[in-house]
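Heads up, my_file25.cif below (mmCIF, C-alpha atoms):
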data_model
loop_
_atom_site.label_atom_id
_atom_site.label_comp_id
_atom_site.auth_asym_id
_atom_site.auth_seq_id
_atom_site.Cartn_x
_atom_site.Cartn_y
_atom_site.Cartn_z
CA MET A 19 128.02 5.17 64.85
CA ARG A 20 127.95 5.31 61.08
CA GLY A 21 127.72 2.62 58.53
CA GLY A 22 125.72 -0.52 59.13
CA VAL A 23 123.21 -1.95 56.72
CA TRP A 24 123.00 1.10 54.46
CA ASP A 25 126.60 0.78 53.34
CA ILE A 26 125.42 -1.96 51.01
CA VAL A 27 123.35 0.42 48.92
CA GLU A 28 125.65 3.42 49.10
CA THR A 29 128.57 3.69 46.80
CA GLU A 30 129.77 6.81 48.56
CA ARG A 31 129.26 7.68 52.18
CA PHE A 32 130.10 11.35 52.02
CA ALA A 33 128.98 13.95 49.56
CA SER A 34 131.75 15.26 47.35
CA PRO A 35 132.64 18.85 48.35
CA GLU A 36 133.24 19.85 44.73
CA LEU A 37 129.87 18.56 43.59
CA LEU A 38 128.26 20.18 46.59
CA ALA A 39 129.84 23.54 45.83
CA ARG A 40 128.76 23.39 42.18
CA ALA A 41 125.24 22.28 43.14
CA ARG A 42 125.00 25.23 45.51
CA GLU A 43 125.89 27.50 42.63
CA GLY A 44 122.90 26.11 40.75
CA ASP A 45 124.37 23.35 38.60
CA GLY A 46 121.63 20.74 38.17
CA ASP A 47 123.96 18.08 36.77
CA SER A 48 126.22 18.34 39.81
CA PHE A 49 123.22 18.03 42.09
CA SER A 50 122.07 14.91 40.25
CA ALA A 51 125.55 13.43 40.53
CA LEU A 52 125.61 14.35 44.21
CA CYS A 53 122.28 12.68 44.93
CA ARG A 54 122.73 9.58 42.79
CA PRO A 55 124.64 7.51 45.39
CA PHE A 56 121.96 8.24 47.98
CA GLN A 57 118.89 7.69 45.81
CA GLU A 58 118.36 4.06 46.59
CA ARG A 59 118.87 4.62 50.28
CA LEU A 60 116.36 7.46 50.16
CA LEU A 61 113.89 5.33 48.25
CA ARG A 62 114.09 2.53 50.80
CA GLN A 63 113.67 5.01 53.62
CA ALA A 64 110.60 6.36 51.84
CA TYR A 65 109.35 2.80 51.46
CA ALA A 66 109.77 2.30 55.21
CA LEU A 67 107.53 5.33 55.73
CA CYS A 68 104.87 4.56 53.08
CA ARG A 69 105.13 0.77 52.73
CA ASN A 70 104.09 1.20 49.10
CA GLU A 71 106.49 1.34 46.19
CA SER A 72 104.78 3.88 43.95
CA GLN A 73 104.11 6.24 46.84
CA ALA A 74 107.69 5.82 48.02
CA LYS A 75 108.90 6.81 44.56
CA ASP A 76 106.67 9.87 44.48
CA LEU A 77 107.82 10.86 47.94
CA THR A 78 111.48 10.38 47.02
CA GLN A 79 110.99 12.45 43.90
CA GLU A 80 109.41 15.26 45.89
CA THR A 81 112.24 15.05 48.41
CA LEU A 82 114.86 15.40 45.71
CA VAL A 83 113.08 18.38 44.19
CA SER A 84 112.80 20.01 47.64
CA ALA A 85 116.48 19.31 48.29
CA TRP A 86 117.37 20.90 44.95
CA ARG A 87 115.41 24.01 45.84
CA SER A 88 117.00 24.33 49.27
CA ILE A 89 120.53 23.05 48.62
CA GLY A 90 121.76 26.54 49.46
CA ARG A 91 120.62 26.03 53.04
CA PHE A 92 122.61 22.82 53.59
CA ASN A 93 125.26 23.86 56.11
CA GLY A 94 127.28 20.64 56.23
CA LYS A 95 126.79 20.12 59.96
CA CYS A 96 125.27 16.71 59.31
CA GLN A 97 125.79 14.12 56.60
CA PHE A 98 124.23 14.90 53.24
CA SER A 99 122.25 11.66 53.42
CA THR A 100 120.89 12.64 56.84
CA TRP A 101 119.90 16.03 55.50
CA LEU A 102 118.06 14.31 52.64
CA CYS A 103 116.39 11.99 55.14
CA SER A 104 115.21 14.89 57.28
CA ILE A 105 113.66 16.49 54.16
CA LEU A 106 112.03 13.15 53.40
CA LEU A 107 110.52 13.07 56.90
CA HIS A 108 109.21 16.61 56.52
CA ARG A 109 107.73 15.86 53.10
CA HIS A 110 106.05 12.75 54.47
CA LYS A 111 104.64 14.65 57.42
CA SER A 112 103.27 17.42 55.22
CA TRP A 113 101.90 14.81 52.81
CA LEU A 114 100.01 13.13 55.63
CA ARG A 115 98.76 16.48 56.91
CA ARG A 116 97.65 17.54 53.46
CA SER A 117 95.89 14.26 52.83
CA SER A 118 94.04 14.46 56.14
CA TRP A 119 92.90 18.03 55.32
CA MET A 120 91.89 17.01 51.83
CA ARG A 121 89.91 14.12 53.22
CA LEU A 122 88.20 16.41 55.68
CA LEU A 123 87.46 19.28 53.31
CA ASP A 124 86.84 17.60 50.03
CA PRO A 125 86.17 13.89 50.18
CA PHE A 126 85.15 13.82 46.50
CA HIS A 127 88.27 15.48 45.14
CA LEU A 128 90.26 12.54 43.87
CA GLY A 129 92.31 12.32 40.73
CA ALA A 130 95.64 14.06 41.01
CA ASN A 131 95.71 13.78 44.75
CA GLU A 132 94.40 10.26 44.95
CA THR A 133 97.72 8.93 46.16
CA GLU A 134 97.81 11.53 48.89
CA LEU A 135 94.37 10.54 50.06
CA GLN A 136 95.29 6.91 50.17
CA LEU A 137 98.66 7.43 51.77
CA GLU A 138 97.52 6.57 55.23
CA GLU A 139 96.05 3.30 54.10
CA ALA A 140 99.19 2.43 52.20
CA THR A 141 99.73 -1.24 52.03
CA PRO A 142 102.56 -3.05 50.33
CA SER A 143 101.85 -4.86 47.10
CA PRO A 144 101.54 -8.64 47.51
CA ASP A 145 105.04 -9.18 46.13
CA GLN A 146 106.56 -6.69 48.48
CA ALA A 147 104.49 -7.91 51.41
CA ALA A 148 105.96 -11.34 50.83
CA GLN A 149 109.43 -9.85 51.01
CA LEU A 150 108.86 -8.21 54.37
CA SER A 151 108.23 -10.41 57.35
CA ASP A 152 105.16 -9.91 59.51
CA ARG A 153 107.41 -8.80 62.30
CA ALA A 154 109.04 -6.12 60.13
CA GLN A 155 105.64 -4.88 58.95
CA THR A 156 104.39 -4.69 62.53
CA ILE A 157 107.47 -2.75 63.53
CA LEU A 158 107.09 -0.29 60.66
CA LEU A 159 103.44 0.15 61.53
CA SER A 160 104.24 0.73 65.19
CA LEU A 161 106.58 3.57 64.14
CA THR A 162 103.65 5.43 62.62
CA ARG A 163 101.89 5.36 65.99
CA LEU A 164 104.62 7.45 67.61
CA PRO A 165 104.33 11.23 67.96
CA SER A 166 105.99 12.84 64.96
CA LYS A 167 109.00 14.19 66.85
CA GLN A 168 109.76 10.81 68.39
CA HIS A 169 109.15 9.17 65.03
CA GLU A 170 111.75 11.45 63.45
CA VAL A 171 114.54 10.61 65.89
CA ILE A 172 113.87 6.88 65.82
CA PHE A 173 113.73 6.89 62.04
CA LEU A 174 116.97 8.84 61.73
CA ARG A 175 118.68 6.57 64.25
CA PHE A 176 117.63 3.19 62.94
CA TYR A 177 116.74 3.79 59.30
CA ALA A 178 119.34 6.45 58.51
CA ASP A 179 122.09 5.12 60.81
CA GLU A 180 122.71 8.58 62.17
CA THR A 181 124.47 9.54 65.40
CA ILE A 182 122.96 11.76 68.07
CA GLU A 183 125.10 14.68 66.87
CA GLY A 184 123.95 14.15 63.31
CA ILE A 185 120.29 13.90 64.32
CA SER A 186 120.53 17.09 66.37
CA ALA A 187 122.13 18.90 63.42
CA ALA A 188 119.56 17.59 60.96
CA LEU A 189 116.60 18.47 63.15
CA ASN A 190 118.18 21.71 64.37
CA CYS A 191 117.76 20.92 68.05
CA SER A 192 120.10 20.16 70.96
CA GLU A 193 121.63 16.77 71.64
CA GLY A 194 119.86 16.68 75.00
CA THR A 195 116.53 17.06 73.21
CA VAL A 196 117.42 14.23 70.84
CA LYS A 197 118.40 11.97 73.76
CA SER A 198 115.21 12.78 75.58
CA ARG A 199 113.08 12.10 72.49
CA LEU A 200 114.89 8.82 71.87
CA PHE A 201 114.30 7.76 75.47
CA HIS A 202 110.58 8.54 75.32
CA ALA A 203 110.26 7.00 71.86
CA LEU A 204 111.80 3.74 73.05
CA ALA A 205 109.53 3.71 76.08
CA ASN A 206 106.50 4.19 73.81
CA LEU A 207 107.67 1.53 71.39
CA ARG A 208 108.08 -0.90 74.25
CA LYS A 209 104.57 -0.15 75.45
CA LEU A 210 103.25 -0.70 71.93
CA ARG A 211 105.07 -4.02 71.67
CA THR A 212 103.69 -5.16 74.98
CA PHE A 213 100.21 -4.16 73.87
CA GLN A 214 100.59 -6.03 70.56
CA GLU A 215 101.86 -9.12 72.35
CA ASP A 216 98.92 -9.00 74.73
CA LEU A 217 96.55 -8.90 71.79
CA ARG A 218 97.94 -12.11 70.29
CA MET B 3 124.05 4.96 91.60
CA ASN B 4 120.34 5.66 91.41
CA CYS B 5 118.46 3.55 88.87
CA GLU B 6 116.19 6.47 87.99
CA GLU B 7 119.19 8.57 86.94
CA LEU B 8 120.40 5.80 84.66
CA LYS B 9 117.16 5.31 82.75
CA GLN B 10 118.16 7.56 79.86
CA ASP B 11 121.64 6.03 79.75
CA ILE B 12 120.07 2.58 79.50
CA ALA B 13 118.01 3.69 76.51
CA LEU B 14 121.04 5.24 74.84
CA ALA B 15 123.15 2.15 75.54
CA ALA B 16 120.46 -0.04 74.00
CA ILE B 17 120.63 1.85 70.72
CA GLY B 18 124.42 2.10 70.78
CA CYS B 19 124.70 5.81 71.43
CA LEU B 20 126.22 5.85 74.89
CA PRO B 21 129.86 7.05 75.16
CA ALA B 22 132.42 4.50 76.40
CA VAL B 23 132.99 6.03 79.84
CA GLU B 24 129.31 6.11 80.69
CA MET B 25 128.85 2.67 79.20
CA LYS B 26 131.45 1.27 81.60
CA ARG B 27 129.69 2.91 84.53
CA LEU B 28 126.37 1.47 83.39
CA GLN B 29 127.83 -2.01 83.03
CA GLU B 30 129.12 -1.84 86.58
CA HIS B 31 125.67 -0.88 87.75
CA THR B 32 123.85 -3.58 85.79
CA ARG B 33 126.08 -6.25 87.34
CA THR B 34 124.51 -5.51 90.68
CA CYS B 35 121.03 -4.30 89.64
CA SER B 36 118.86 -6.94 88.02
CA VAL B 37 116.03 -4.48 87.24
CA CYS B 38 118.28 -2.24 85.15
CA ALA B 39 119.89 -5.28 83.52
CA GLU B 40 116.44 -6.55 82.51
CA GLU B 41 115.50 -3.10 81.21
CA LEU B 42 118.66 -2.92 79.13
CA MET B 43 118.05 -6.37 77.71
CA GLN B 44 114.48 -5.53 76.68
CA LEU B 45 115.48 -2.28 75.02
CA ARG B 46 118.36 -4.01 73.22
CA SER B 47 115.93 -6.55 71.88
CA LEU B 48 113.68 -3.74 70.65
CA SER B 49 116.63 -1.99 69.07
CA SER B 50 117.77 -5.14 67.32
CA GLU B 51 114.27 -5.63 65.91
CA HIS B 52 114.47 -2.22 64.26
CA GLN B 53 117.94 -2.95 62.92
CA ALA B 54 116.67 -6.22 61.52
CA THR B 55 113.77 -4.38 59.88
CA ALA B 56 116.16 -1.87 58.34
CA ALA B 57 118.15 -4.82 56.97
CA GLU B 58 114.98 -6.40 55.62
CA LEU B 59 114.14 -3.21 53.76
CA LEU B 60 117.29 -3.74 51.72
CA ARG B 61 115.94 -7.01 50.42
CA VAL B 62 112.72 -5.49 49.09
CA GLN B 63 112.88 -5.33 45.32
CA ILE B 64 112.54 -1.67 44.48
CA SER B 65 113.87 -0.23 41.33
CA ALA B 66 115.20 3.29 41.51
CA ASP B 67 115.12 3.66 37.70
CA ARG B 68 112.32 6.19 37.70
CA LEU B 69 114.34 8.30 40.08
CA SER B 70 117.01 9.16 37.63
CA SER B 71 117.82 12.78 37.82
CA GLY B 72 114.96 13.55 35.45
CA ALA B 73 113.11 15.34 38.19
CA ILE B 74 115.86 17.83 38.61
CA SER B 75 116.14 20.56 36.11
CA HIS B 76 119.43 20.34 34.29
CA THR B 77 119.51 24.00 33.65
CA ARG B 78 121.26 26.27 36.02
CA ARG B 79 119.15 27.47 38.87
CA LYS B 80 118.02 31.01 38.42
CA VAL B 81 116.26 33.55 40.51
CA PRO B 82 112.67 32.30 40.67
CA ALA B 83 110.48 34.11 38.19
CA PRO B 84 107.40 35.85 39.55
CA VAL B 85 104.31 33.71 39.30
CA PRO B 86 101.92 35.00 36.63
CA ALA B 87 98.70 36.38 38.02
CA ALA B 88 96.55 33.98 35.99
CA GLN B 89 98.48 31.01 37.33
CA LEU B 90 98.08 32.34 40.84
CA TRP B 91 94.34 32.53 40.33
CA ARG B 92 94.07 29.08 38.84
CA GLY B 93 96.47 27.35 41.19
CA GLY B 94 95.97 29.36 44.35
CA ILE B 95 92.90 31.43 44.94
CA LEU B 96 90.54 29.48 42.72
CA ASN B 97 91.90 26.18 43.87
CA LEU B 98 89.24 24.03 45.48
CA ARG B 99 91.25 23.51 48.61
CA TRP B 100 91.17 27.25 49.26
CA LEU B 101 87.64 27.84 48.07
CA ILE B 102 86.07 25.36 50.43
CA PRO B 103 87.53 26.68 53.70
CA THR B 104 87.00 30.26 52.52
CA GLY B 105 83.37 29.54 51.74
CA ALA B 106 82.94 27.81 55.08
CA ALA B 107 84.48 30.78 56.91
CA ALA B 108 82.24 33.22 55.03
CA GLY B 109 79.22 31.09 55.91
CA ILE B 110 80.14 31.17 59.58
CA VAL B 111 80.57 34.95 59.51
CA ILE B 112 77.19 35.43 57.83
CA ALA B 113 75.53 33.03 60.27
CA LEU B 114 77.03 34.93 63.21
CA TYR B 115 75.87 38.24 61.73
CA PHE B 116 72.27 37.10 61.51
CA TRP B 117 72.34 35.20 64.80
CA GLY B 118 71.46 38.12 67.07
CA ARG B 119 69.06 39.92 64.75
CA PRO B 120 65.33 39.90 65.68
CA GLU B 121 63.07 37.93 63.46
CA PRO B 122 61.33 40.22 60.94
CA GLN B 123 57.73 40.83 61.97
CA LEU B 124 55.27 39.97 59.27
CA ALA B 125 52.23 42.18 58.92
CA LYS B 126 49.48 40.28 60.60
CA GLU B 127 45.87 40.62 59.76
CA ALA B 128 44.04 42.40 62.53
CA PRO B 129 41.73 40.06 64.39
CA PRO B 130 38.07 40.80 64.03
CA ARG B 131 37.12 43.29 66.68
CA GLU B 132 34.14 42.70 68.88
CA MET B 133 31.96 45.71 68.19
CA THR B 134 29.77 45.37 71.22
CA ASN B 135 32.56 45.26 73.78
CA PRO B 136 32.47 48.58 75.61
CA GLN B 137 35.67 47.81 77.55
CA ARG B 138 37.72 48.18 74.37
CA ALA B 139 36.42 51.61 73.59
CA SER B 140 39.85 53.14 74.09
CA ALA B 141 41.19 51.22 71.07
CA PRO B 142 40.61 52.89 67.67
CA LEU B 143 37.29 51.68 66.43
CA PRO B 144 36.73 50.54 62.84
CA ALA B 145 35.33 52.84 60.25
CA GLY B 146 31.54 52.90 60.11
CA SER B 147 31.13 51.89 63.72
CA PHE B 148 28.28 53.62 65.47
CA LEU B 149 30.18 53.54 68.74
CA ALA B 150 33.03 55.46 67.14
CA TYR B 151 30.72 58.29 66.08
CA ARG B 152 29.05 58.42 69.46
CA ASN B 153 32.43 58.61 71.22
CA ALA B 154 33.61 61.29 68.81
CA LEU B 155 30.52 63.35 69.44
CA SER B 156 30.67 63.04 73.21
CA GLU B 157 34.40 63.57 73.55
CA GLY B 158 35.40 65.89 70.69
CA GLY B 159 32.15 67.60 69.86
CA ASP B 160 30.85 68.42 66.39
CA GLU B 161 34.23 69.09 64.91
CA SER B 162 35.55 65.67 65.79
CA PHE B 163 32.33 64.03 64.63
CA ASN B 164 32.49 65.81 61.28
CA SER B 165 36.12 64.90 60.68
CA LEU B 166 35.30 61.27 61.41
CA LEU B 167 32.42 61.37 58.98
CA ALA B 168 34.68 62.90 56.31
CA ARG B 169 37.25 60.14 56.90
CA ASP B 170 34.70 57.36 56.57
CA ALA B 171 32.72 58.90 53.73
CA ASP B 172 33.75 56.21 51.29
CA ILE B 173 32.61 53.47 53.57
CA LEU B 174 29.43 55.12 54.65
CA LEU B 175 28.31 55.96 51.13
CA ARG B 176 28.65 52.46 49.78
CA PRO B 177 25.52 50.31 49.65
CA VAL B 178 24.99 48.59 52.96
CA SER B 179 23.65 45.08 53.05
CA SER B 180 20.73 44.13 55.17
CA LYS B 181 22.98 41.93 57.25
CA ASP B 182 25.20 44.91 58.12
CA LEU B 183 22.16 46.99 58.96
CA LEU B 184 21.01 44.31 61.35
CA ALA B 185 24.48 44.25 62.91
CA MET B 186 24.39 48.01 63.37
CA ARG B 187 20.99 47.75 64.96
CA ASP B 188 22.27 45.13 67.41
CA GLU B 189 25.21 47.36 68.21
CA VAL B 190 23.00 50.33 69.07
CA TYR B 191 20.27 48.57 70.99
#
In structure tokens, write the structure found in this file.
Amino acid sequence: MRGGVWDIVETERFASPELLARAREGDGDSFSALCRPFQERLLRQAYALCRNESQAKDLTQETLVSAWRSIGRFNGKCQFSTWLCSILLHRHKSWLRRSSWMRLLDPFHLGANETELQLEEATPSPDQAAQLSDRAQTILLSLTRLPSKQHEVIFLRFYADETIEGISAALNCSEGTVKSRLFHALANLRKLRTFQEDLR
Amino acid sequence: MNCEELKQDIALAAIGCLPAVEMKRLQEHTRTCSVCAEELMQLRSLSSEHQATAAELLRVQISADRLSSGAISHTRRKVPAPVPAAQLWRGGILNLRWLIPTGAAAGIVIALYFWGRPEPQLAKEAPPREMTNPQRASAPLPAGSFLAYRNALSEGGDESFNSLLARDADILLRPVSSKDLLAMRDEVY
């Protein structure tokens, strides 16, 4: 099932094969042209992960740079946007891991990595918080409570509108694994929702 | 059909990923099984919440201006140049995030090395020996002790006595205080 809400922000659904071929050969301009239609989508996906605009922009930037470095490894089995989203998820995961190590090893080392250290406590700015409903914020927060593998499949399904085949290609695992992870992720999300409702 | 077998299908149906044939089979089952129907309804509600959140994200005012392709080098990609050694030192080995765990690991190794070693024995001052205790005669007696000379004479003869005298000449020839003389007298009698 493709399409859905993200069609609003995407001018093109599929990556142009010509641009892709030229980007693989190392043409930076072609890569920029290839990524441009997906930038806003990627940024909003990053925002869903960080819930903070500046961090989302940094994360998106890092994702694009990583994608540029590894464009040669894109095999076309999944959509280009899904491939970008899987890189985004990996970058976010490594960012969180790095920030937790930095916090543990060097609590006084701020400065350049300040955003990394504060990533976990990311909160939307007041303007943005007003734009997202409490329910949406709770849902985004509950996603972060999932194990990372379940988080990935749920994120790719709901926030990247990807099919099971696409998710399995992006994550390089079987469709059965994706189905199983989705099943367990939904079960966990339901438990979390029940728990949150009990707290109210 | 067993409800347990359909659990995964229910989850997939709720998120819209179940193929049509299996969906039809599930619908037939949910008509007769209220538990599975309830489960499907709950998961659909959860799924729709996430879809609504994804739609809400589109309304958040985020500008993607800063993300113009400026981050991407507009030059053609080349074979990555080798990292200069100085940069490697500054950015890698001397980086704080490497130094701290390395230092911690070195500290642990050093601590483990010294863990099993015996504590170094400090030279202790010999306790004052009781001169009049005959039970401790087997221990080496201090220089200038009358008991030592008597033992040397009785056990080793003249030769041993003379060698003991030669050893303690420095002590014996120094001026002796009256207090020491009195102590020697007490030791003998």
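Summary of the local environment: counting all atoms listed in the file, residues at most 7 Å from Val171 in chain A, other than itself and those fewer than 4 positions away along its chain, are Lys167, Arg175, Ile185, Val196, Arg199 and Leu200 of chain A.
The set of residues that the PyMOL selection byres ((chain A) within 6 of (chain B)) takes from this file is Val23, Gly44, Asp45, Gly46, Asp47, Ser50, Gln149, Ala154, Tyr177 and Phe201 of chain A.
From CA of Ala205 in chain A back to CA of Leu164 in chain A, the distance works out to 10.5 Å.
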For range 98-104 of chain A, work out the shell of residues within 10 Å, counting all atoms listed in the file and skipping chain neighbours fewer than 6 positions away, then give it as a tab-separated table (two decimals) with C-alpha atoms, in the frame of the given file.
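What landed in selection-v5.tsv:
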chain	number	residue	atom	x	y	z
A	28	GLU	CA	125.65	3.42	49.10
A	31	ARG	CA	129.26	7.68	52.18
A	32	PHE	CA	130.10	11.35	52.02
A	33	ALA	CA	128.98	13.95	49.56
A	34	SER	CA	131.75	15.26	47.35
A	38	LEU	CA	128.26	20.18	46.59
A	52	LEU	CA	125.61	14.35	44.21
A	53	CYS	CA	122.28	12.68	44.93
A	55	PRO	CA	124.64	7.51	45.39
A	56	PHE	CA	121.96	8.24	47.98
A	57	GLN	CA	118.89	7.69	45.81
A	59	ARG	CA	118.87	4.62	50.28
A	60	LEU	CA	116.36	7.46	50.16
A	61	LEU	CA	113.89	5.33	48.25
A	63	GLN	CA	113.67	5.01	53.62
A	64	ALA	CA	110.60	6.36	51.84
A	78	THR	CA	111.48	10.38	47.02
A	81	THR	CA	112.24	15.05	48.41
A	82	LEU	CA	114.86	15.40	45.71
A	84	SER	CA	112.80	20.01	47.64
A	85	ALA	CA	116.48	19.31	48.29
A	89	ILE	CA	120.53	23.05	48.62
A	92	PHE	CA	122.61	22.82	53.59
A	110	HIS	CA	106.05	12.75	54.47
A	170	GLU	CA	111.75	11.45	63.45
A	171	VAL	CA	114.54	10.61	65.89
A	173	PHE	CA	113.73	6.89	62.04
A	174	LEU	CA	116.97	8.84	61.73
A	175	ARG	CA	118.68	6.57	64.25
A	177	TYR	CA	116.74	3.79	59.30
A	178	ALA	CA	119.34	6.45	58.51
A	179	ASP	CA	122.09	5.12	60.81
A	180	GLU	CA	122.71	8.58	62.17
A	181	THR	CA	124.47	9.54	65.40
A	184	GLY	CA	123.95	14.15	63.31
A	185	ILE	CA	120.29	13.90	64.32
A	187	ALA	CA	122.13	18.90	63.42
A	188	ALA	CA	119.56	17.59	60.96
A	189	LEU	CA	116.60	18.47	63.15
Could you tell me which residues the PyMOL selection byres ((chain B and resi 151) around 12) grabs in this file, written as a ChimeraX atom specification? /B:139,142-150,152-170,174,190
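Distance annotation: of A:Arg115, A:His169, A:Lys197, A:Arg109, the residue with the minimal separation from Gln79 in chain A is A:Arg109; atom set is all atoms listed in the file.
Interatomic distance, CA of Ser198 in chain A to CA of Asn93 in chain A: 24.6 Å.
Taking all atoms listed in the file into account, His202 in chain A lies nearest to A:Gln168 out of the set A:Gln214, A:Ser186, A:Ser160, A:Gln168.
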